[in-house]
Amino acid sequence: MITSVMMRTLKGSPWTGRNEMLDFITTRTEGLPVSIVHEVNDNEKCEEFSEVIKIDGGKVRHHVEEVVRSSVEETLNGLLEAEADELCGAKRYERSVERLDTRSGHYERKLQTKAGEVSLKVPRLRSLPFETQIIERYRRRESSVEEAMIEMYLAGVSVRRVEDITEALWGTRVSPSTVSELNQKIYTHIDAWRNRPIEGEYPYVYLDGIWLKRSWGGEVKKVAVLVAIGVGADGYRTILGVCEGTKEDLESWRNFLRHLKDRGLQGVRLVVSDKCLGLVEALGEFFPEASWQRCVVHWYRNVFTVVPKGKVKAVAAMLKAIHAQEDREAARKKAVDVVAKLEGMKLAKAAAIVREGVEETLSYMAFPSEHWRQIRTNNPLERIMREIRRRTRVVGAFPDGRSALMLVAARLRHIAGTRWGTRRYLDMDRLREQEQEEQATEAEAIT
């Protein structure tokens, strides 16, 4: 970037001549990429003229960065020298009766900092071990640099991009193995987050799973990662849990729901999910009092699989009409009409799917109508799963199931700390009012 600074004219200046002014500018800008260009005043009748200094911004920026880097290097080496003097009990070449040891040269090592790579001269002592407090032994990067690399990877930046970014920022390219080693440091924190106690009640719970690839014995196999989010009694969303499952089957869902219940999940009124294999059976074992809501969108898609492409739009309008009714009874009547229409359109398979599965999609109507739009589909969790797919797509195949689980859990942990988890999602006062009304009705019926 080129910037121009207009100098004042000679009139009224302390310089007696043009050459004296140029000498002054040259002296003050020595070492900087500055060029002097004469600029004549537009009014040719005026004998005054101005000097324009054009500065190459890129070169200046590089010059400043080098000054900062060298300053950091000089400061760190000065601190190392001061530590060595303190251990020896005297400065270099100083004769003192209090001297405890003498110098034995130094060795050089590199350190990556936010200011760039610096070269450190670590002192050696003849007798005493030199243990500096400035940098840890064997450390090659400043802690802030390591933290930045970890955050980049967990925030969705691929390993290759992390390499490119570190080279652009700090002038050194890190290897993929280095990024992996750094990530191992936070796996303990992620495990602690995954197994934290679940406090409070969560009336609405959403469940889903995602298939990821992993390398196993030279071939690529699939591994399922199961995820649960919930809306608490305060109306805020929370990541309840994430676990590895061999596949989305009954045993995997049992283990996952047991994991959630053992950690304290309670107060579940409605579970929203697709009709996954074994999920409904497992729910009955661990949360028998909770209702199950089949995702309306997934149900629509199941119907569309047996509908000709030219009739999908008309069938979609008919299905949406079912869930546009004011209550469950009206929706059931509408479903009967839709089944009859589908049979009249010679869509017997679609009619059978609607007849057999429509009741599973109407559970949400037993809850406050203000919540219907948010609890009749699995969309709140589907959006998160799309983000996980985007992040894991750059990885390809994971070396094992734990690596896949850790990356998904890290991404979920990141999402939980964003506005997603700090913004109220639903007003739960209406649900509490409905529960009180139901309790009052039951009490009246008993009396």
# chains A, B, ... in the order shown; residues from 1 in each chain; ligands from 1

$ residues_around --residues "Glu281 (chain A)" --least-positions-apart "5" --cutoff "12 Å" --atoms "only C-alpha atoms" --output "number ranges by chain"
A: 249-254, 257, 275-276, 286-288, 292

$ residues_around --residues "region 333-335 of chain A" --least-positions-apart "6" --cutoff "8 Å" --atoms "only C-alpha atoms" --output "list of chain:residue names"
A:Leu319, A:Ala321, A:Ile322, A:Gln325, A:Val354, A:Arg355, A:Val358

$ atom_distance --atom1 "CA of Leu80 (chain A)" --atom2 "CA of Arg124 (chain A)"
10.5 Å

$ atom_distance --atom1 "CA of Tyr93 (chain A)" --atom2 "CA of Val122 (chain A)"
17.4 Å

$ select_by_dssp --residues "region 166-341 of chain A" --states "alpha helix (DSSP H)" --output "ChimeraX atom specification"
/A:166-170,176-194,250-262,279-286,296-304,312-322,328-341

$ residues_around --residues "Arg269 (chain A)" --least-positions-apart "3" --cutoff "7 Å" --atoms "only C-alpha atoms" --output "list in words"
Pro203, Tyr204, Ala290 and Ser291 of chain A

$ residues_around --residues "Arg328 (chain A)" --least-positions-apart "5" --cutoff "9 Å" --atoms "only C-alpha atoms" --output "number ranges by chain"
A: 323, 333, 362-366

$ write_last_selection --atoms "C-alpha atoms" --output "short mmCIF file (atom, residue, chain, number, x, y, z; two decimals), in the first residue's frame"
data_model
loop_
_atom_site.label_atom_id
_atom_site.label_comp_id
_atom_site.auth_asym_id
_atom_site.auth_seq_id
_atom_site.Cartn_x
_atom_site.Cartn_y
_atom_site.Cartn_z
CA HIS A 323 -49.99 -30.83 10.64
CA LYS A 333 -59.51 -36.69 10.62
CA LEU A 362 -48.73 -36.00 16.19
CA SER A 363 -47.25 -36.37 19.70
CA TYR A 364 -46.15 -32.72 19.74
CA MET A 365 -49.80 -31.59 19.70
CA ALA A 366 -50.14 -32.62 23.35
#

$ residues_around --residues "region 385-390 of chain A" --least-positions-apart "5" --cutoff "8 Å" --atoms "only C-alpha atoms" --output "PDB file with C-alpha atoms, in the first residue's frame"
ATOM      1  CA  ILE A 210     -24.056 -39.358  12.287  1.00  0.00           C
ATOM      2  CA  VAL A 408     -17.233 -34.196  17.098  1.00  0.00           C
ATOM      3  CA  ARG A 411     -17.003 -29.110  17.824  1.00  0.00           C
TER       4      ARG A 411
END

$ closest_residue --among "A:Cys88, A:Met318, A:Leu407, A:Leu426" --to "Ala351 (chain A)" --atoms "only C-alpha atoms"
A:Met318

$ select_by_dssp --residues "region 151-389 of chain A" --states "strand (DSSP E)" --output "PyMOL selection string"
chain A and resi 204-216+219-231+237-245+270-273+291-294

$ closest_atom_pairs --of "region 236-330 of chain A" --to "region 186-191 of chain A" --cutoff "12 Å" --atoms "only C-alpha atoms" --output "JSON lines"
{"residue": "A:Gly241", "atom": "CA", "partner": "A:Asp191", "partner_atom": "CA", "distance": 10.8}
{"residue": "A:Val242", "atom": "CA", "partner": "A:Asp191", "partner_atom": "CA", "distance": 10.1}
{"residue": "A:Cys243", "atom": "CA", "partner": "A:Asp191", "partner_atom": "CA", "distance": 10.4}

$ write_last_selection --atoms "C-alpha atoms" --output "short mmCIF file (atom, residue, chain, number, x, y, z; two decimals), in the first residue's frame"
data_model
loop_
_atom_site.label_atom_id
_atom_site.label_comp_id
_atom_site.auth_asym_id
_atom_site.auth_seq_id
_atom_site.Cartn_x
_atom_site.Cartn_y
_atom_site.Cartn_z
CA GLY A 241 -24.19 -35.90 25.42
CA VAL A 242 -22.15 -37.41 22.60
CA CYS A 243 -20.96 -41.02 22.43
#

$ atom_distance --atom1 "CA of Glu219 (chain A)" --atom2 "CA of Ala397 (chain A)"
9.9 Å

$ residues_around --residues "Thr305 (chain A)" --least-positions-apart "4" --cutoff "10 Å" --atoms "only C-alpha atoms" --output "PyMOL selection string"
chain A and resi 300-301+309+312+349-350

$ closest_residue --among "A:Gly89, A:Pro368, A:Gly232, A:Gly264" --to "Glu437 (chain A)" --atoms "only C-alpha atoms"
A:Pro368

$ closest_residue --among "A:Ala330, A:Leu431, A:Lys121, A:Val306" --to "Leu270 (chain A)" --atoms "only C-alpha atoms"
A:Leu431

$ residues_around --residues "Met345 (chain A)" --least-positions-apart "2" --cutoff "12 Å" --atoms "only C-alpha atoms" --output "NGL selection string"
:A and (307-308 or 311-312 or 314-315 or 338-343 or 347-351)
